[in-house]
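I have placed the structure first, in the form of structure tokens, so that the comments after it can refer back to it.
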Number of protein chains: 4
Amino acid sequence: MSFNTFGHLFRVTTWGESHGPALGAVVDGCPPGVAIDEAMLQHWLDRRKPGQNKYTTQRREADAVRILSGTYEGRTTGTPVQLMIENTDQRSKDYGDIALSFRPGHADITYWQKYGIRDPRGGGRSSARETAARVAAGGVARAALGLLAPEVKITGYMVQMGRLKADRDRFDMAEIGRNPFWCPDAAAAAIWAEHLDELRKSGNSVGAVVEVVASGVPAGLGAPIYGKLDSDLAAAMMSVNAVKGVEIGEGMAAAELTGVENADEIFMGNDGKPRFSSNHAGGILGGISSGQDVVVRFAVKPTSSILTPRKTITITGEETEIITKGRHDPCVGIRAVPVGEAMMACVILDHLLLHRGQIGDAGGKIG
Amino acid sequence: MSFNTFGHLFRVTTWGESHGPALGAVVDGCPPGVAIDEAMLQHWLDRRKPGQNKYTTQRREADAVRILSGTYEGRTTGTPVQLMIENTDQRSKDYGDIALSFRPGHADITYWQKYGIRDPRGGGRSSARETAARVAAGGVARAALGLLAPEVKITGYMVQMGRLKADRDRFDMAEIGRNPFWCPDAAAAAIWAEHLDELRKSGNSVGAVVEVVASGVPAGLGAPIYGKLDSDLAAAMMSVNAVKGVEIGEGMAAAELTGVENADEIFMGNDGKPRFSSNHAGGILGGISSGQDVVVRFAVKPTSSILTPRKTITITGEETEIITKGRHDPCVGIRAVPVGEAMMACVILDHLLLHRGQIGDAGGKIG
Amino acid sequence: MSFNTFGHLFRVTTWGESHGPALGAVVDGCPPGVAIDEAMLQHWLDRRKPGQNKYTTQRREADAVRILSGTYEGRTTGTPVQLMIENTDQRSKDYGDIALSFRPGHADITYWQKYGIRDPRGGGRSSARETAARVAAGGVARAALGLLAPEVKITGYMVQMGRLKADRDRFDMAEIGRNPFWCPDAAAAAIWAEHLDELRKSGNSVGAVVEVVASGVPAGLGAPIYGKLDSDLAAAMMSVNAVKGVEIGEGMAAAELTGVENADEIFMGNDGKPRFSSNHAGGILGGISSGQDVVVRFAVKPTSSILTPRKTITITGEETEIITKGRHDPCVGIRAVPVGEAMMACVILDHLLLHRGQIGDAGGKIG
Amino acid sequence: MSFNTFGHLFRVTTWGESHGPALGAVVDGCPPGVAIDEAMLQHWLDRRKPGQNKYTTQRREADAVRILSGTYEGRTTGTPVQLMIENTDQRSKDYGDIALSFRPGHADITYWQKYGIRDPRGGGRSSARETAARVAAGGVARAALGLLAPEVKITGYMVQMGRLKADRDRFDMAEIGRNPFWCPDAAAAAIWAEHLDELRKSGNSVGAVVEVVASGVPAGLGAPIYGKLDSDLAAAMMSVNAVKGVEIGEGMAAAELTGVENADEIFMGNDGKPRFSSNHAGGILGGISSGQDVVVRFAVKPTSSILTPRKTITITGEETEIITKGRHDPCVGIRAVPVGEAMMACVILDHLLLHRGQIGDAGGKIG
């Protein structure tokens, strides 16, 4: 987590702006011998791709990824994998208005305050387009997990749009791919569709909560302090544009529990592994995975690029109003689902390698 | 954030177990010429010290800190500052029962799964005692901030115990030091006192929410992606024992807002600096500080060491019940307040140095 | 220095193989506002470019660099700068023989031992082509130094080829650009030309020593232990392909000196800055720059890809002989000169930013 | 290698000054289950201990190391190991003269230039006493290597004092422990003894060359670029006080070889592992270990604290002369031998863990 690099042993460095010629990621430290090709990475990128329905930005990007290095005959060689995605649908004229004024709620003003220079075309580096590079890198991480820990399965979905929460009693994971919101509650998805349509037409936007679950994660990943699995997950999710809160397991609601309620009681399973009566902990105790599902949730704020006029100032300090024309997601949380999955894959793989490095097979058995 | 080290330029490495001879922190990268002495660090440690009232563990530790290196004639020299705190009240016999069984909700089991060995005396490295080292390091960070950015002020307080929330309309920051809960709402503190007393007597514990605010933070600290100020804050707070959720500004509630509501409108202040109509962003936009108050909240789960029996297993895989005698905090969130402040101080200082390193005085002026 | 990343605040991550579609570098942490364009980077790349005379490989690469991100209107924005160089003259057929056998003295065998897979085309990642990315990144570093510390001047040259040493009494820095060996001793260059021609014709190669001097380096850059300026310079130079030794100032010859001889005596200059009677230290004392010229030397071993048959084994363990056809540098040290300069520029800039981050203007004045 | 931390997964952070109350090292990332105790670490410290003969400083330090954390019942737990050594023989009065003037060839002046403050007592952080912490940490690394790679054997010795070189034809490793110079050539040791005695009596000092060999290092450790095994070794050795040059295998002399000479020809050994006709490479090809002996040499400059007067300036810029009374090593290279061994142990272990992390058992077999 130094500037634009994420990870310890599996290290992802992303680069590129919304309206430059290309963007991408250098994936360093990947184990050798992992079978990857552009088609399999494209599968994940297509899930995040804009312009697929009326609920996401109408910018049309193929998001075609090219592997420029680090493979030989279809397998990783252990050297850096460069993933490049060319930008093809940059209409800079759309963004002319925001070059001189700051969108409230947007990074426009802080980039200026920090650097004294900013690329206003499409938000430059602060654009959600940066997350395409994450999804591509996450595809490499998934492939490596497929080789090293094939039982790991990562599933993301939206659980809340605005004030409208999905109902866990109606969750059916098979529904996730069947609606444009990656929502496991089909009924909620239908209501969200109507709600978002109204917001969009009124020139407004809305926030969301995304949940990502990793099952099959081996026990023992993480570290007690600072290098905790949950600390890295929190950093990973909070590093995604527009995220304002991260929860592990019960998350903020853990504050409401008593110690008696919060204790995930432990039993022995028939397979000789520990079983738990509940998963308040979200699969992580003391920074280390327990073998339960790793459960992370994060809140995505509403897009700040909206058609409703808001008061702001210009670079020269004059007060004005701004509306943001152009093509924007009314609920950027939707496309954050595959991004959250990608970050989960990167963090789990990174900690798998870290664990193997420090511990090897010296971990403890129970029973 | 590698294993036991936190920070980029201002780097804190903590070490030590609950029941070893000592614990501490190496603070590396501190600017030279910062006046520090043991008394001023002790001030912060005393706020976290156990055994000060019936709401915290009855373990009696002086928590006396010694500066073993890195200063000359009372000022930092720019070389590593070793802060050591000797453990004086370790009664290992208190913990005999938990050497062979795993406390539900505790790191006992995952340490075993990871390392195949664990120091059961007082939780070893997973003990909340580790946070004493953070508070000491935070004292150094505060002193450095006092020299480099004297306008920065960091204030932490509890805003929720169990389901009982403090009322922001009654907040009076002068109250924080007047009750054992660091609560700015005196009425809530009185109710909490009663509530916690009951829980404690019934052998139970409870969670809490802590809020930490840094005012006077210069605009421009942070970085757009991965090395974001909020990403580092999330990692910092999540790295504290028992924390399960972290929020910046609106946090999880950002999901409920529309773009119109969430837009913190911008005006010019009389002092020529931008002013904002609200602070939904918690002082951070696009990973970079805006000059508004930086607002972080985190949830602390209830202590898992409780007197109520819970079902669990032993190291050899037999099912059993466990109660944890010994001296434990019924609401460990209370003592997390000075810890959260310390982490905030470390992160702000680290990003101040990072910003100065990359940017110097080249940041942008408005107006 | 993690896998393929070099630097602390000014961080360079290189990627790409000799015979892949492209290679390049992500430059992260560059200060904003630095004027860079492709033409100025090309200037440095052209100095390293192969095929310019008979003393370097006959591979013909334009080595045309493209800036894909991180600039706006010709200036750096503070976000990652992606520099890409497409490979245009990869003749994989040249390398067919070495896919199954290991060249003695080459990384062929260790790549195989480590990864179990290797890209044999042109040595893959171990090719000297990787250094093109360093030179491009060094061009960015030079531009940033031009803005932040314009008095810094970096000059590299060859001081030895095989057993033939240049004569320091004949050094004329104006000669460096006038011969194909970057040699400040014109007479030595003439002798080297003949010597190398003979070696080349006999299917042999030879080693060299390169010296890089940075003048105008501010005093105070570096850190006392581990993060020393000389430690980072040693790592930087040793990270270049084929380098087997690194010296600072007197280097290995420091062993031969007495304390009386080695003491660079100190005086006050007319400009109020310290002056030294000599520079045995190579401008670095205790890991920190003194204001004197920073002097680094490194030895480059002879190219292991030669036409003379050498005994070796195949991947399946059979003994055989190998000669390496194809296009190789008979003295790879020649093209290491601009590479050494680039690494010097990166290290000096990185430490300038680190120093500014930790210390700002708090350094000590003398007098 | 950030400020005072060395290593990637096996990370050593040292702290402490020559004349403070104590110094030490935090060893983080050590595998769990490694048997260590104070006696075994003391064994290594005693080899570096001052005051053992007339050829090293007469300061009398017990150099008694205490393990303050990270072990349970005599084995490492995987959490940070704090190693503390108390200073017992600090006579600050000895150093009074150098508080206001700068010793030529010493870090006095650059510390001042960098920090504007320095601890003059015994050189503060720049004292060779810092290396005691490295030796202690190296003892932990050796113990971990004993568990993970018991075939690794690390041997350091002096090969040159001043202009006097030991004769490799007379090398007998059994002699190393029998003379005060760790010299495998008994005849050379006798000559050195006389030479050093003279120098010492004349108030002078002298440099040295130390060689450290690691045998039994598994093939495959290291990484192709930047994170190379030799790059880390170069950084490690150059980070030791007074080191001015580092060589791998042939080192600087590699420049003198032709490609035909330099090629270590490869054969198959009877054990099914590759054998080499020579070891010009010093066991490292392309940054990765080949299974041959890893051979590193470094030059140590003469101590700059000498009794012969040298010209210098004061902090206020006045010209003066300085002699350094007090207790100093006439040839600090002697005590650098165990330090070099310690750094070798740390680097080899670190790369063993890194390799296991990224590659596991996926490396390539030959034959």
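Following the order of the structure tokens, chains are lettered A, B, ..., residues in each are numbered from 1, and ligands are numbered from 1.
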Legend entry - Asp172 of chain C surroundings by only C-alpha atoms, 6 Å radius, close-in-sequence under 2 positions cut, as a PyMOL selection string: chain C and resi 174-175+184
Let me see the file: selected residues, N, CA and C atoms, as a compact mmCIF listing (two decimals), in the first residue's frame.
```txt
# COMPACT_ATOMS: atom_id res chain seq x y z
N ALA C 174 34.93 15.74 -21.86
CA ALA C 174 34.38 16.06 -23.17
C ALA C 174 34.56 14.90 -24.15
N GLU C 175 35.50 14.00 -23.85
CA GLU C 175 35.74 12.85 -24.75
C GLU C 175 34.66 11.78 -24.64
N PRO C 184 36.43 8.58 -21.02
CA PRO C 184 36.99 9.94 -20.97
C PRO C 184 38.47 9.97 -21.35
```
Legend entry - Interface residues on chain B facing chain C, 8 Å, only C-alpha atoms, written as a PyMOL selection string: chain B and resi 9+29-33+79+224+352-360+362
Inset, instruction - Would you return as a count of residues only the members of segment 150-281 of chain A that DSSP assigns to helix (DSSP H, G or I) on this structure's backbone? - result: 45
Legend entry - Selection near Ile85 of chain D, 10 Å with only C-alpha atoms, sequence-local residues under 5 positions removed, as number ranges by chain: D: 16, 21-25, 61-67, 132-133, 136
Written selection (C-alpha atoms) as a PDB file, in the first residue's frame:
```
ATOM      1  CA  GLY D  16      19.966   2.112  20.122  1.00  0.00           C
ATOM      2  CA  PRO D  21      21.025   2.668  28.223  1.00  0.00           C
ATOM      3  CA  ALA D  22      20.620  -0.180  25.733  1.00  0.00           C
ATOM      4  CA  LEU D  23      20.411  -1.219  22.110  1.00  0.00           C
ATOM      5  CA  GLY D  24      18.815  -4.093  20.325  1.00  0.00           C
ATOM      6  CA  ALA D  25      16.812  -5.540  17.481  1.00  0.00           C
ATOM      7  CA  GLU D  61      30.957  -4.750  27.389  1.00  0.00           C
ATOM      8  CA  ALA D  62      29.398  -7.997  28.516  1.00  0.00           C
ATOM      9  CA  ASP D  63      27.108  -7.696  25.478  1.00  0.00           C
ATOM     10  CA  ALA D  64      24.634  -9.837  27.362  1.00  0.00           C
ATOM     11  CA  VAL D  65      21.522 -10.311  25.270  1.00  0.00           C
ATOM     12  CA  ARG D  66      18.024 -10.670  26.716  1.00  0.00           C
ATOM     13  CA  ILE D  67      15.053 -12.088  24.803  1.00  0.00           C
ATOM     14  CA  ALA D 132      25.856  -6.133  18.132  1.00  0.00           C
ATOM     15  CA  ALA D 133      22.137  -6.015  17.404  1.00  0.00           C
ATOM     16  CA  ALA D 136      22.006 -11.135  17.828  1.00  0.00           C
TER      17      ALA D 136
END
```
Inset, instruction - Choose the residue, out of B:Val212, B:Leu164, B:Ala189, B:Val159, that has the smallest atom-to-atom separation from Met344 of chain B; count only C-alpha atoms. - result: B:Val212
Inset, instruction - Once DSSP has gone over the backbone, tell me which residues of segment 24-92 of chain C are in strand (DSSP E or B), as an NGL selection string. - result: :C and (24-28 or 35 or 65-67 or 71-72 or 75-76 or 81-86)
Selection file, N, CA, C and O atoms, as a PDB file, in the first residue's frame:
```
ATOM      1  N   GLY C  24       8.487  -2.131 -20.168  1.00  0.00           N
ATOM      2  CA  GLY C  24       8.348  -0.765 -19.682  1.00  0.00           C
ATOM      3  C   GLY C  24       8.527  -0.638 -18.189  1.00  0.00           C
ATOM      4  O   GLY C  24       9.022  -1.552 -17.516  1.00  0.00           O
ATOM      5  N   ALA C  25       8.134   0.539 -17.700  1.00  0.00           N
ATOM      6  CA  ALA C  25       8.281   0.847 -16.286  1.00  0.00           C
ATOM      7  C   ALA C  25       7.111   1.700 -15.835  1.00  0.00           C
ATOM      8  O   ALA C  25       6.663   2.586 -16.568  1.00  0.00           O
ATOM      9  N   VAL C  26       6.612   1.408 -14.639  1.00  0.00           N
ATOM     10  CA  VAL C  26       5.677   2.305 -13.971  1.00  0.00           C
ATOM     11  C   VAL C  26       6.480   3.121 -12.974  1.00  0.00           C
ATOM     12  O   VAL C  26       7.129   2.560 -12.093  1.00  0.00           O
ATOM     13  N   VAL C  27       6.433   4.433 -13.136  1.00  0.00           N
ATOM     14  CA  VAL C  27       7.151   5.324 -12.235  1.00  0.00           C
ATOM     15  C   VAL C  27       6.123   5.943 -11.299  1.00  0.00           C
ATOM     16  O   VAL C  27       5.259   6.704 -11.729  1.00  0.00           O
ATOM     17  N   ASP C  28       6.211   5.591 -10.024  1.00  0.00           N
ATOM     18  CA  ASP C  28       5.212   6.054  -9.068  1.00  0.00           C
ATOM     19  C   ASP C  28       5.878   6.950  -8.030  1.00  0.00           C
ATOM     20  O   ASP C  28       7.023   6.742  -7.665  1.00  0.00           O
ATOM     21  N   ALA C  35       8.099  18.718 -15.990  1.00  0.00           N
ATOM     22  CA  ALA C  35       7.904  18.697 -17.442  1.00  0.00           C
ATOM     23  C   ALA C  35       8.629  17.497 -18.045  1.00  0.00           C
ATOM     24  O   ALA C  35       9.846  17.386 -17.939  1.00  0.00           O
ATOM     25  N   VAL C  65       9.900   5.206 -26.829  1.00  0.00           N
ATOM     26  CA  VAL C  65       9.151   5.164 -25.576  1.00  0.00           C
ATOM     27  C   VAL C  65       7.854   5.948 -25.706  1.00  0.00           C
ATOM     28  O   VAL C  65       7.820   7.014 -26.322  1.00  0.00           O
ATOM     29  N   ARG C  66       6.771   5.379 -25.147  1.00  0.00           N
ATOM     30  CA  ARG C  66       5.498   6.098 -25.093  1.00  0.00           C
ATOM     31  C   ARG C  66       5.120   6.347 -23.639  1.00  0.00           C
ATOM     32  O   ARG C  66       5.261   5.474 -22.789  1.00  0.00           O
ATOM     33  N   ILE C  67       4.632   7.547 -23.371  1.00  0.00           N
ATOM     34  CA  ILE C  67       4.124   7.878 -22.026  1.00  0.00           C
ATOM     35  C   ILE C  67       2.626   7.609 -22.047  1.00  0.00           C
ATOM     36  O   ILE C  67       1.872   8.295 -22.744  1.00  0.00           O
ATOM     37  N   THR C  71       0.691  12.159 -16.970  1.00  0.00           N
ATOM     38  CA  THR C  71       1.015  13.539 -17.324  1.00  0.00           C
ATOM     39  C   THR C  71      -0.238  14.241 -17.839  1.00  0.00           C
ATOM     40  O   THR C  71      -1.176  13.617 -18.308  1.00  0.00           O
ATOM     41  N   TYR C  72      -0.243  15.547 -17.722  1.00  0.00           N
ATOM     42  CA  TYR C  72      -1.329  16.356 -18.274  1.00  0.00           C
ATOM     43  C   TYR C  72      -0.695  17.625 -18.827  1.00  0.00           C
ATOM     44  O   TYR C  72       0.043  18.305 -18.113  1.00  0.00           O
ATOM     45  N   ARG C  75       3.112  17.893 -18.188  1.00  0.00           N
ATOM     46  CA  ARG C  75       3.714  17.879 -16.864  1.00  0.00           C
ATOM     47  C   ARG C  75       3.185  16.696 -16.060  1.00  0.00           C
ATOM     48  O   ARG C  75       2.036  16.282 -16.221  1.00  0.00           O
ATOM     49  N   THR C  76       4.015  16.174 -15.177  1.00  0.00           N
ATOM     50  CA  THR C  76       3.568  15.070 -14.329  1.00  0.00           C
ATOM     51  C   THR C  76       2.478  15.561 -13.382  1.00  0.00           C
ATOM     52  O   THR C  76       2.499  16.700 -12.923  1.00  0.00           O
ATOM     53  N   VAL C  81       3.338   7.178 -13.783  1.00  0.00           N
ATOM     54  CA  VAL C  81       3.739   7.402 -15.176  1.00  0.00           C
ATOM     55  C   VAL C  81       4.099   6.043 -15.787  1.00  0.00           C
ATOM     56  O   VAL C  81       5.047   5.396 -15.341  1.00  0.00           O
ATOM     57  N   GLN C  82       3.318   5.621 -16.762  1.00  0.00           N
ATOM     58  CA  GLN C  82       3.637   4.359 -17.444  1.00  0.00           C
ATOM     59  C   GLN C  82       4.441   4.663 -18.693  1.00  0.00           C
ATOM     60  O   GLN C  82       3.995   5.443 -19.555  1.00  0.00           O
ATOM     61  N   LEU C  83       5.618   4.050 -18.771  1.00  0.00           N
ATOM     62  CA  LEU C  83       6.506   4.218 -19.923  1.00  0.00           C
ATOM     63  C   LEU C  83       6.572   2.884 -20.656  1.00  0.00           C
ATOM     64  O   LEU C  83       6.963   1.881 -20.067  1.00  0.00           O
ATOM     65  N   MET C  84       6.168   2.861 -21.914  1.00  0.00           N
ATOM     66  CA  MET C  84       6.134   1.601 -22.660  1.00  0.00           C
ATOM     67  C   MET C  84       7.045   1.673 -23.882  1.00  0.00           C
ATOM     68  O   MET C  84       7.050   2.667 -24.601  1.00  0.00           O
ATOM     69  N   ILE C  85       7.795   0.605 -24.072  1.00  0.00           N
ATOM     70  CA  ILE C  85       8.682   0.476 -25.236  1.00  0.00           C
ATOM     71  C   ILE C  85       8.312  -0.817 -25.957  1.00  0.00           C
ATOM     72  O   ILE C  85       8.394  -1.900 -25.374  1.00  0.00           O
ATOM     73  N   GLU C  86       7.880  -0.699 -27.185  1.00  0.00           N
ATOM     74  CA  GLU C  86       7.506  -1.909 -27.911  1.00  0.00           C
ATOM     75  C   GLU C  86       8.741  -2.597 -28.472  1.00  0.00           C
ATOM     76  O   GLU C  86       9.685  -1.941 -28.910  1.00  0.00           O
TER      77      GLU C  86
END
```
Legend entry - Selection near Asp108 of chain C, 12 Å with only C-alpha atoms, sequence-local residues under 6 positions removed, as JSON, numbers by chain: {"C": [98, 99, 100, 101, 102, 114, 115, 116, 117, 118, 119, 120, 121, 122, 123, 124, 125, 126, 127, 304, 305, 312, 313, 314, 315], "D": [220, 224, 266, 284, 285, 286, 287, 288, 289, 290, 364, 366]}
Legend entry - Test item: residues at most 7 Å from Glu321 of chain D, only C-alpha atoms, excluding those fewer than 6 positions along its chain, as a PyMOL selection string: chain D and resi 309-312
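Proximity to Gly251 of chain D at 10 Å, evaluated using only C-alpha atoms and with sequence-adjacent residues fewer than 4 positions away removed, yields Val243, Lys244, Gly245, Val246, Met252, Phe298, Ala299, Val300 and Lys301 of chain C; Gly245, Val246, Glu247, Ala255, His280, Ala281, Gly282, Val295, Val296, Arg297 and Phe298 of chain D.
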Save the residues we just selected, C-alpha atoms, as a PDB file, in the first residue's frame?
```pdb
ATOM      1  CA  VAL C 243      27.060  -6.598 -12.248  1.00  0.00           C
ATOM      2  CA  LYS C 244      29.280  -8.484  -9.780  1.00  0.00           C
ATOM      3  CA  GLY C 245      30.820  -5.747  -7.628  1.00  0.00           C
ATOM      4  CA  VAL C 246      30.013  -2.246  -6.405  1.00  0.00           C
ATOM      5  CA  MET C 252      37.687  -2.289  -2.236  1.00  0.00           C
ATOM      6  CA  PHE C 298      30.644  -1.291 -10.654  1.00  0.00           C
ATOM      7  CA  ALA C 299      32.085  -4.267 -12.493  1.00  0.00           C
ATOM      8  CA  VAL C 300      30.161  -5.862 -15.342  1.00  0.00           C
ATOM      9  CA  LYS C 301      31.016  -9.439 -16.135  1.00  0.00           C
TER      10      LYS C 301
ATOM     11  CA  GLY D 245      32.762  -2.062  -1.480  1.00  0.00           C
ATOM     12  CA  VAL D 246      30.938  -5.353  -1.997  1.00  0.00           C
ATOM     13  CA  GLU D 247      31.787  -8.181  -4.353  1.00  0.00           C
ATOM     14  CA  ALA D 255      35.776  -7.058 -15.385  1.00  0.00           C
ATOM     15  CA  HIS D 280      33.319 -17.200 -10.817  1.00  0.00           C
ATOM     16  CA  ALA D 281      29.654 -16.369 -10.304  1.00  0.00           C
ATOM     17  CA  GLY D 282      29.859 -16.690  -6.535  1.00  0.00           C
ATOM     18  CA  VAL D 295      30.599 -15.985  -1.913  1.00  0.00           C
ATOM     19  CA  VAL D 296      30.559 -12.350  -0.784  1.00  0.00           C
ATOM     20  CA  ARG D 297      33.468 -10.058  -0.014  1.00  0.00           C
ATOM     21  CA  PHE D 298      33.452  -6.562   1.401  1.00  0.00           C
TER      22      PHE D 298
END
```
Legend entry - Atom-to-atom span, atom CA of Ile306 of chain B and atom CA of Arg275 of chain A, Å: 20.7 Å
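Here atom CA of Val240 of chain D stands at a distance of 16.6 Å from atom CA of Met238 of chain C.
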Legend entry - Between atom CA of Arg48 of chain A and atom CA of Ala107 of chain A - distance in Å to one decimal: 21.9 Å
Inset, instruction - Using only C-alpha atoms, find the one residue out of B:Gln42, B:Thr308, B:Thr320, B:Ser239 that sits nearest to Ala137 of chain B. - result: B:Gln42
Legend entry - For Val206 of chain C, the nearest of the candidates D:Glu261, D:Glu318, D:Asp361, D:Glu194, counting only C-alpha atoms: D:Glu261
Inset, instruction - Please provide the set of residues having any atom within 12 Å of Ala190 of chain A, restricted to only C-alpha atoms, with same-chain residues fewer than 2 positions apart removed, written as a PyMOL selection string. - result: chain A and resi 161+164+166+175+178-188+192-197
Take the residues from that selection and put them in a file with C-alpha atoms, as a PDB file, in the first residue's frame.
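Output (out_33.pdb):
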```
ATOM      1  CA  MET A 161     -29.392   0.393  -2.396  1.00  0.00           C
ATOM      2  CA  LEU A 164     -33.702  -0.299   0.541  1.00  0.00           C
ATOM      3  CA  ALA A 166     -32.310  -6.854   0.426  1.00  0.00           C
ATOM      4  CA  GLU A 175     -30.231 -14.957  -8.617  1.00  0.00           C
ATOM      5  CA  ARG A 178     -29.923 -12.684 -13.236  1.00  0.00           C
ATOM      6  CA  ASN A 179     -30.437  -9.016 -12.419  1.00  0.00           C
ATOM      7  CA  PRO A 180     -28.374  -5.935 -13.199  1.00  0.00           C
ATOM      8  CA  PHE A 181     -27.678  -5.309  -9.500  1.00  0.00           C
ATOM      9  CA  TRP A 182     -25.870  -8.550  -8.589  1.00  0.00           C
ATOM     10  CA  CYS A 183     -28.612  -8.994  -5.981  1.00  0.00           C
ATOM     11  CA  PRO A 184     -29.375 -12.413  -4.490  1.00  0.00           C
ATOM     12  CA  ASP A 185     -32.906 -11.212  -3.566  1.00  0.00           C
ATOM     13  CA  ALA A 186     -34.893 -11.081  -6.797  1.00  0.00           C
ATOM     14  CA  ALA A 187     -37.729  -9.147  -5.225  1.00  0.00           C
ATOM     15  CA  ALA A 188     -35.405  -6.448  -3.960  1.00  0.00           C
ATOM     16  CA  TRP A 192     -34.320  -1.268  -6.863  1.00  0.00           C
ATOM     17  CA  ALA A 193     -34.782  -1.113 -10.624  1.00  0.00           C
ATOM     18  CA  GLU A 194     -37.768   1.166 -10.268  1.00  0.00           C
ATOM     19  CA  HIS A 195     -36.126   3.258  -7.583  1.00  0.00           C
ATOM     20  CA  LEU A 196     -32.933   3.786  -9.527  1.00  0.00           C
ATOM     21  CA  ASP A 197     -34.782   4.656 -12.692  1.00  0.00           C
TER      22      ASP A 197
END
```
